[in-house]
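Q: Input input_3.pdb, format and content: PDB, C-alpha atoms.
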```pdb
MODEL        1
ATOM      1  CA  MET B   1      16.766 -14.414  -2.604
ATOM      2  CA  THR B   2      13.334 -15.972  -2.757
ATOM      3  CA  ILE B   3      10.526 -14.598  -4.927
ATOM      4  CA  GLN B   4       6.873 -15.571  -4.588
ATOM      5  CA  VAL B   5       4.797 -14.154  -7.440
ATOM      6  CA  ARG B   6       1.167 -13.279  -6.749
ATOM      7  CA  LYS B   7      -0.742 -12.821 -10.006
ATOM      8  CA  SER B   8      -3.537 -10.267 -10.081
ATOM      9  CA  HIS B   9      -6.187 -12.851 -11.028
ATOM     10  CA  GLU B  10      -5.275 -15.001  -8.007
ATOM     11  CA  ARG B  11      -6.385 -12.321  -5.559
ATOM     12  CA  GLY B  12      -9.544 -12.554  -3.512
ATOM     13  CA  THR B  13     -12.459 -10.526  -4.837
ATOM     14  CA  ALA B  14     -15.695  -8.972  -3.676
ATOM     15  CA  ASP B  15     -18.390  -7.234  -5.721
ATOM     16  CA  HIS B  16     -20.908  -5.275  -3.667
ATOM     17  CA  GLY B  17     -22.146  -3.298  -6.646
ATOM     18  CA  TRP B  18     -20.921   0.041  -5.297
ATOM     19  CA  LEU B  19     -17.574  -1.560  -4.351
ATOM     20  CA  LYS B  20     -15.444  -3.840  -6.454
ATOM     21  CA  ALA B  21     -12.517  -5.038  -4.382
ATOM     22  CA  ASN B  22      -9.430  -7.166  -4.904
ATOM     23  CA  PHE B  23      -7.667  -8.545  -1.843
ATOM     24  CA  SER B  24      -3.939  -9.301  -1.979
ATOM     25  CA  PHE B  25      -4.273 -10.945   1.461
ATOM     26  CA  SER B  26      -7.078 -12.651   3.350
ATOM     27  CA  PHE B  27      -9.785 -10.089   4.095
ATOM     28  CA  ALA B  28     -13.493 -10.086   4.876
ATOM     29  CA  ASN B  29     -15.068 -13.153   3.208
ATOM     30  CA  TYR B  30     -11.845 -14.071   1.406
ATOM     31  CA  PHE B  31      -9.661 -16.378   3.486
ATOM     32  CA  ASN B  32      -6.618 -18.160   2.154
ATOM     33  CA  PRO B  33      -4.529 -19.806   4.904
ATOM     34  CA  GLU B  34      -1.537 -19.665   2.549
ATOM     35  CA  ASN B  35      -1.916 -15.926   2.144
ATOM     36  CA  VAL B  36      -2.816 -14.098   5.343
ATOM     37  CA  GLN B  37       0.014 -11.568   5.474
ATOM     38  CA  PHE B  38       3.558 -10.823   4.315
ATOM     39  CA  GLY B  39       5.536 -10.104   7.431
ATOM     40  CA  MET B  40       3.967  -7.073   9.085
ATOM     41  CA  LEU B  41       2.015  -6.234   5.900
ATOM     42  CA  ARG B  42      -1.516  -7.436   6.611
ATOM     43  CA  VAL B  43      -3.851  -5.895   3.997
ATOM     44  CA  LEU B  44      -3.537  -4.550   0.467
ATOM     45  CA  ASN B  45      -6.981  -3.900  -0.972
ATOM     46  CA  ASP B  46      -7.381  -2.598  -4.521
ATOM     47  CA  ASP B  47     -10.815  -0.933  -4.467
ATOM     48  CA  THR B  48     -13.049   0.685  -7.071
ATOM     49  CA  ILE B  49     -15.774   2.751  -5.390
ATOM     50  CA  ALA B  50     -18.883   3.977  -7.204
ATOM     51  CA  PRO B  51     -19.682   7.726  -7.314
ATOM     52  CA  GLY B  52     -21.065   9.050  -4.044
ATOM     53  CA  MET B  53     -20.557   5.717  -2.268
ATOM     54  CA  GLY B  54     -18.008   4.523   0.258
ATOM     55  CA  PHE B  55     -17.274   3.099   3.664
ATOM     56  CA  GLY B  56     -19.507   4.415   6.444
ATOM     57  CA  THR B  57     -18.191   5.187   9.898
ATOM     58  CA  HIS B  58     -16.372   2.198  11.385
ATOM     59  CA  PRO B  59     -13.697   1.583  14.026
ATOM     60  CA  HIS B  60     -10.037   0.583  13.901
ATOM     61  CA  ASP B  61      -7.385   0.123  16.554
ATOM     62  CA  ASN B  62      -3.682  -0.757  16.686
ATOM     63  CA  MET B  63      -3.123  -0.688  12.947
ATOM     64  CA  GLU B  64      -1.207   1.607  10.617
ATOM     65  CA  ILE B  65      -3.529   2.389   7.689
ATOM     66  CA  ILE B  66      -2.168   3.830   4.453
ATOM     67  CA  THR B  67      -4.446   4.974   1.620
ATOM     68  CA  ILE B  68      -3.146   5.682  -1.883
ATOM     69  CA  PRO B  69      -5.742   7.016  -4.347
ATOM     70  CA  LEU B  70      -5.092   5.831  -7.902
ATOM     71  CA  ALA B  71      -7.955   7.824  -9.463
ATOM     72  CA  GLY B  72     -10.363  10.355  -8.019
ATOM     73  CA  GLY B  73     -10.482  11.107  -4.323
ATOM     74  CA  LEU B  74     -11.940  10.074  -0.986
ATOM     75  CA  GLY B  75     -13.729  12.271   1.480
ATOM     76  CA  HIS B  76     -12.303  11.399   4.888
ATOM     77  CA  ARG B  77     -13.928  12.092   8.279
ATOM     78  CA  ASP B  78     -12.713  10.751  11.597
ATOM     79  CA  SER B  79     -13.216  10.920  15.339
ATOM     80  CA  MET B  80     -10.092  13.104  15.665
ATOM     81  CA  GLY B  81     -11.954  15.900  13.882
ATOM     82  CA  ASN B  82     -10.221  15.566  10.522
ATOM     83  CA  GLU B  83     -12.381  16.286   7.501
ATOM     84  CA  LYS B  84     -10.303  16.128   4.312
ATOM     85  CA  VAL B  85     -10.287  14.933   0.745
ATOM     86  CA  VAL B  86      -7.367  12.708  -0.179
ATOM     87  CA  SER B  87      -6.872  12.731  -3.944
ATOM     88  CA  PHE B  88      -4.789  11.095  -6.635
ATOM     89  CA  GLY B  89      -1.165  12.094  -6.075
ATOM     90  CA  GLU B  90      -1.558  12.132  -2.313
ATOM     91  CA  VAL B  91      -0.860   9.488   0.329
ATOM     92  CA  GLN B  92      -2.770   9.316   3.608
ATOM     93  CA  VAL B  93      -1.674   7.636   6.832
ATOM     94  CA  MET B  94      -3.567   6.930  10.033
ATOM     95  CA  SER B  95      -2.217   5.400  13.194
ATOM     96  CA  ALA B  96      -5.331   3.876  14.731
ATOM     97  CA  GLY B  97      -3.586   3.232  18.061
ATOM     98  CA  THR B  98      -5.983   3.271  21.004
ATOM     99  CA  GLY B  99      -8.904   3.522  18.611
ATOM    100  CA  ILE B 100     -10.512   5.719  15.966
ATOM    101  CA  TYR B 101     -13.719   5.895  13.993
ATOM    102  CA  HIS B 102     -13.608   7.049  10.393
ATOM    103  CA  SER B 103     -15.487   7.061   7.106
ATOM    104  CA  GLU B 104     -14.082   7.130   3.579
ATOM    105  CA  MET B 105     -16.499   8.136   0.830
ATOM    106  CA  ASN B 106     -15.960   8.723  -2.877
ATOM    107  CA  ALA B 107     -15.624  12.523  -3.045
ATOM    108  CA  SER B 108     -17.207  12.641  -6.518
ATOM    109  CA  ALA B 109     -20.866  12.222  -7.397
ATOM    110  CA  THR B 110     -20.022  11.340 -11.004
ATOM    111  CA  GLU B 111     -16.613   9.601 -11.218
ATOM    112  CA  VAL B 112     -15.446   6.298  -9.752
ATOM    113  CA  ALA B 113     -12.619   6.389  -7.214
ATOM    114  CA  LYS B 114      -9.844   3.827  -7.264
ATOM    115  CA  THR B 115      -7.728   3.372  -4.161
ATOM    116  CA  LEU B 116      -5.213   1.105  -2.522
ATOM    117  CA  GLN B 117      -5.836   0.638   1.187
ATOM    118  CA  ILE B 118      -2.955  -0.950   3.044
ATOM    119  CA  TRP B 119      -2.678  -2.079   6.652
ATOM    120  CA  VAL B 120       0.600  -2.610   8.481
ATOM    121  CA  PHE B 121       0.885  -3.983  11.998
ATOM    122  CA  PRO B 122       2.436  -1.285  14.251
ATOM    123  CA  ASN B 123       5.570  -1.708  16.337
ATOM    124  CA  GLN B 124       3.937   0.066  19.285
ATOM    125  CA  GLN B 125       0.560  -0.744  20.771
ATOM    126  CA  ASN B 126      -2.006   1.787  21.968
ATOM    127  CA  VAL B 127      -0.360   4.952  20.666
ATOM    128  CA  SER B 128      -2.396   8.151  20.458
ATOM    129  CA  PRO B 129      -4.305   8.114  17.161
ATOM    130  CA  ARG B 130      -2.865  10.358  14.466
ATOM    131  CA  TYR B 131      -3.566  11.405  10.892
ATOM    132  CA  ASP B 132      -1.430  12.808   8.096
ATOM    133  CA  GLN B 133      -1.557  13.214   4.328
ATOM    134  CA  LYS B 134       0.786  14.648   1.736
ATOM    135  CA  ALA B 135       1.000  15.147  -2.007
ATOM    136  CA  PHE B 136       3.911  13.594  -3.910
ATOM    137  CA  ASP B 137       4.984  14.540  -7.432
ATOM    138  CA  LEU B 138       6.153  11.254  -8.919
ATOM    139  CA  GLU B 139       6.377  12.707 -12.426
ATOM    140  CA  SER B 140       9.076  15.200 -11.459
ATOM    141  CA  SER B 141      11.153  12.288 -10.123
ATOM    142  CA  ARG B 142      10.447  10.057 -13.116
ATOM    143  CA  ASN B 143      12.595   6.894 -13.362
ATOM    144  CA  SER B 144      13.524   6.974  -9.678
ATOM    145  CA  TRP B 145      11.982   5.872  -6.387
ATOM    146  CA  VAL B 146      10.199   8.391  -4.173
ATOM    147  CA  THR B 147       9.914   7.434  -0.496
ATOM    148  CA  VAL B 148       6.362   8.313   0.531
ATOM    149  CA  VAL B 149       6.137   6.494   3.896
ATOM    150  CA  SER B 150       8.965   5.784   6.318
ATOM    151  CA  PRO B 151       9.450   4.682   9.962
ATOM    152  CA  ASN B 152       8.894   6.952  12.946
ATOM    153  CA  THR B 153      12.408   6.001  14.089
ATOM    154  CA  GLN B 154      14.115   7.193  10.893
ATOM    155  CA  PRO B 155      11.711   9.315   8.869
ATOM    156  CA  ALA B 156      12.905   9.952   5.325
ATOM    157  CA  GLU B 157      13.047  13.565   4.256
ATOM    158  CA  GLY B 158       9.806  14.639   2.641
ATOM    159  CA  SER B 159       7.881  11.489   3.529
ATOM    160  CA  ILE B 160       5.133  10.817   6.046
ATOM    161  CA  TRP B 161       5.733   8.262   8.790
ATOM    162  CA  ILE B 162       4.146   5.290  10.527
ATOM    163  CA  TYR B 163       4.856   3.286  13.682
ATOM    164  CA  GLN B 164       6.777   0.502  11.950
ATOM    165  CA  ASP B 165      10.228  -0.047  10.397
ATOM    166  CA  CYS B 166       8.582   0.095   7.008
ATOM    167  CA  PHE B 167       9.221   2.110   3.840
ATOM    168  CA  PHE B 168       6.784   2.723   0.986
ATOM    169  CA  SER B 169       8.447   3.785  -2.251
ATOM    170  CA  MET B 170       6.632   4.698  -5.449
ATOM    171  CA  GLY B 171       7.855   5.503  -8.912
ATOM    172  CA  VAL B 172       6.815   6.201 -12.482
ATOM    173  CA  PHE B 173       9.227   4.568 -14.909
ATOM    174  CA  ASP B 174       9.611   4.661 -18.686
ATOM    175  CA  ALA B 175       9.821   1.467 -20.718
ATOM    176  CA  ASN B 176      13.186  -0.305 -20.885
ATOM    177  CA  GLU B 177      14.566   1.267 -17.721
ATOM    178  CA  SER B 178      16.694  -0.820 -15.359
ATOM    179  CA  PHE B 179      16.987   0.231 -11.751
ATOM    180  CA  SER B 180      17.547  -1.217  -8.312
ATOM    181  CA  TYR B 181      16.275  -0.984  -4.779
ATOM    182  CA  THR B 182      18.436  -1.687  -1.748
ATOM    183  CA  THR B 183      16.779  -2.606   1.536
ATOM    184  CA  LYS B 184      17.166   0.112   4.130
ATOM    185  CA  ILE B 185      16.909  -2.250   7.120
ATOM    186  CA  ALA B 186      18.627  -5.640   7.004
ATOM    187  CA  GLY B 187      16.231  -8.580   7.136
ATOM    188  CA  ASN B 188      13.214  -6.693   5.852
ATOM    189  CA  GLY B 189      11.142  -8.249   3.087
ATOM    190  CA  LEU B 190      10.037  -6.470  -0.081
ATOM    191  CA  PHE B 191       6.545  -6.469  -1.561
ATOM    192  CA  LEU B 192       6.526  -5.192  -5.145
ATOM    193  CA  PHE B 193       3.119  -4.212  -6.545
ATOM    194  CA  VAL B 194       2.740  -3.239 -10.185
ATOM    195  CA  ILE B 195       0.068  -0.532 -10.293
ATOM    196  CA  GLU B 196       0.367  -0.115 -14.055
ATOM    197  CA  GLY B 197       2.653  -1.498 -16.744
ATOM    198  CA  GLU B 198       5.001  -4.451 -16.936
ATOM    199  CA  VAL B 199       8.337  -5.311 -15.342
ATOM    200  CA  ARG B 200      10.858  -8.105 -15.212
ATOM    201  CA  LEU B 201      12.258  -9.181 -11.861
ATOM    202  CA  GLN B 202      15.025 -11.742 -12.374
ATOM    203  CA  ASP B 203      13.318 -14.294 -14.627
ATOM    204  CA  GLN B 204       9.792 -13.352 -13.535
ATOM    205  CA  HIS B 205       7.447 -11.227 -15.633
ATOM    206  CA  LEU B 206       4.942  -9.079 -13.742
ATOM    207  CA  GLY B 207       2.010  -7.255 -15.330
ATOM    208  CA  LYS B 208      -0.603  -4.804 -14.108
ATOM    209  CA  ARG B 209      -1.670  -5.479 -10.500
ATOM    210  CA  ASP B 210       0.693  -8.457 -10.182
ATOM    211  CA  ALA B 211       2.866  -8.597  -7.066
ATOM    212  CA  ALA B 212       6.048 -10.265  -5.884
ATOM    213  CA  GLU B 213       6.995 -11.145  -2.317
ATOM    214  CA  ILE B 214      10.778 -10.987  -2.008
ATOM    215  CA  THR B 215      12.724 -12.230   0.981
ATOM    216  CA  LEU B 216      16.378 -12.844   1.812
ATOM    217  CA  ALA B 217      17.438 -10.040  -0.511
ATOM    218  CA  SER B 218      19.554  -7.000   0.286
ATOM    219  CA  ALA B 219      18.869  -5.514  -3.163
ATOM    220  CA  ILE B 220      16.757  -6.212  -6.238
ATOM    221  CA  GLU B 221      17.081  -5.265  -9.897
ATOM    222  CA  ILE B 222      13.986  -4.378 -11.920
ATOM    223  CA  THR B 223      13.625  -3.766 -15.645
ATOM    224  CA  THR B 224      10.492  -2.203 -17.123
ATOM    225  CA  THR B 225       9.274  -3.962 -20.265
ATOM    226  CA  ALA B 226       6.589  -1.263 -20.629
ATOM    227  CA  ALA B 227       6.052   2.081 -18.926
ATOM    228  CA  ALA B 228       5.174   1.294 -15.319
ATOM    229  CA  THR B 229       3.922   2.771 -12.059
ATOM    230  CA  LEU B 230       5.231   0.791  -9.103
ATOM    231  CA  LEU B 231       4.726   0.524  -5.366
ATOM    232  CA  LEU B 232       7.422  -1.142  -3.286
ATOM    233  CA  ILE B 233       6.800  -1.860   0.401
ATOM    234  CA  GLU B 234       9.822  -2.727   2.527
ATOM    235  CA  VAL B 235       8.489  -4.364   5.677
ATOM    236  CA  PRO B 236       9.780  -6.294   8.709
ATOM    237  CA  MET B 237       9.096 -10.008   8.467
ATOM    238  CA  HIS B 238       8.597 -10.409  12.235
ATOM    239  CA  HIS B 239       7.298  -8.338  15.126
ATOM    240  CA  ASN B 240      10.152  -6.304  16.548
TER
ENDMDL
END
```
Go through the file and emit its structure as structure tokens.
A:
Amino acid sequence: MTIQVRKSHERGTADHGWLKANFSFSFANYFNPENVQFGMLRVLNDDTIAPGMGFGTHPHDNMEIITIPLAGGLGHRDSMGNEKVVSFGEVQVMSAGTGIYHSEMNASATEVAKTLQIWVFPNQQNVSPRYDQKAFDLESSRNSWVTVVSPNTQPAEGSIWIYQDCFFSMGVFDANESFSYTTKIAGNGLFLFVIEGEVRLQDQHLGKRDAAEITLASAIEITTTAAATLLLIEVPMHHN
């Protein structure tokens, strides 16, 4: 097993006033040749969006885009005719495929919105664009993983899917819990992102918004040293 820790303060940043962003991987004006992607995981942006502001209409193609609101909600509009609000507790996926236009605006005029936007390279090019979102109750499954995103080839019950052999698991854990995660597809890497709290992974200590890139591991053991909310992305390390 190899573990590469990525501390929260080492991330790229941007401050546009209305948008305060942290980039786990090279994005926009932040470029780090040592940190462009982790396998098929290309983008993990940790955004705080001012009330009433957001991302105007813009295009994407051939990318799986996953949005996880951490506070507040985003008003979503796209060229497929979807007009929705995706709120805390929900996860949104879009397969951009042959091409889409969309906008994501803070749905509140008074409260900031905090979101994770994540891009994963697809395993199929030029699919028909698609959109899905679903609410997940992490509290009712406290101290265990909930699979929120899974592959189109083996969708997990209750999850939403993307065009990649990739699993997103989330969980809310009490302090001093020890638990494991076993990779579902041999050879996949694991990207652990601490949304809130503190954990120990082998001899590494991870705090809020820290991450660990884990390869050559069939399973990992995690212990919470404080109550924690975690995101774990299991992702292929190479195009399949």
Q: Please measure the separation of CA of Asp137 (chain B) and CA of Phe191 (chain B), giving the value in Å to one decimal.
A: 21.9 Å
Q: Quick one: residues within 9 Å of Val235 (chain B), all atoms listed in the file counted, chain neighbours fewer than 3 positions away excluded, as number ranges by chain?
A: B: 38-41, 120, 164-168, 185, 187-191, 238
Q: Residues within 7 Å of region 20-23 of chain B, please, as a PyMOL selection string. Count only C-alpha atoms; anything in the same chain fewer than 4 positions from it doesn't count.
A: chain B and resi 11-16+27+44-49
Q: Work out how far apart CA of Glu104 (chain B) and CA of His9 (chain B) are and give it in Å to one decimal.
A: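 It comes out at 26.0 Å.
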Q: Run the PyMOL selection byres ((chain B and resi 221) around 8) against the file shown and list the residues it catches, as a PyMOL selection string.
A: chain B and resi 178-181+201-202+219-220+222-223
Q: In Å, with one decimal, what is the gap from CA of Trp161 (chain B) to CA of Asn62 (chain B)?
A: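 Atom-to-atom, CA of Trp161 (chain B) and CA of Asn62 (chain B) are spaced 15.2 Å apart.
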Q: To verify the selection step, state as a list in words which residues the PyMOL selection byres ((chain B and resi 73) around 7) yields on this input.
A: Pro69, Ala71, Gly72, Leu74, Gly75, Val85, Val86, Ser87, Phe88, Asn106, Ala107 and Ala113 of chain B
Q: Find the spatial neighbours of region 204-209 of chain B, counting only C-alpha atoms, within a cut-off of 8 Å - ignore same-chain residues fewer than 6 positions away - and output them as a ChimeraX atom specification.
A: /B:5,7-8,193-198
Q: Would you save the residues of that selection, restricted to C-alpha atoms, as a short mmCIF file (atom, residue, chain, number, x, y, z; two decimals), keeping the file's coordinate frame?
A:
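Contents of the output file again.cif:
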```cif
data_model
loop_
_atom_site.label_atom_id
_atom_site.label_comp_id
_atom_site.auth_asym_id
_atom_site.auth_seq_id
_atom_site.Cartn_x
_atom_site.Cartn_y
_atom_site.Cartn_z
CA VAL B 5 4.80 -14.15 -7.44
CA LYS B 7 -0.74 -12.82 -10.01
CA SER B 8 -3.54 -10.27 -10.08
CA PHE B 193 3.12 -4.21 -6.54
CA VAL B 194 2.74 -3.24 -10.18
CA ILE B 195 0.07 -0.53 -10.29
CA GLU B 196 0.37 -0.12 -14.06
CA GLY B 197 2.65 -1.50 -16.74
CA GLU B 198 5.00 -4.45 -16.94
#
```
Q: Hey, what's within 7 Å of Lys134 (chain B) if we count all atoms listed in the file and toss same-chain stuff fewer than 4 positions away? As a list in words, please?
A: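 Contacts, in chain order: Glu90, Val91 and Gln92 of chain B.
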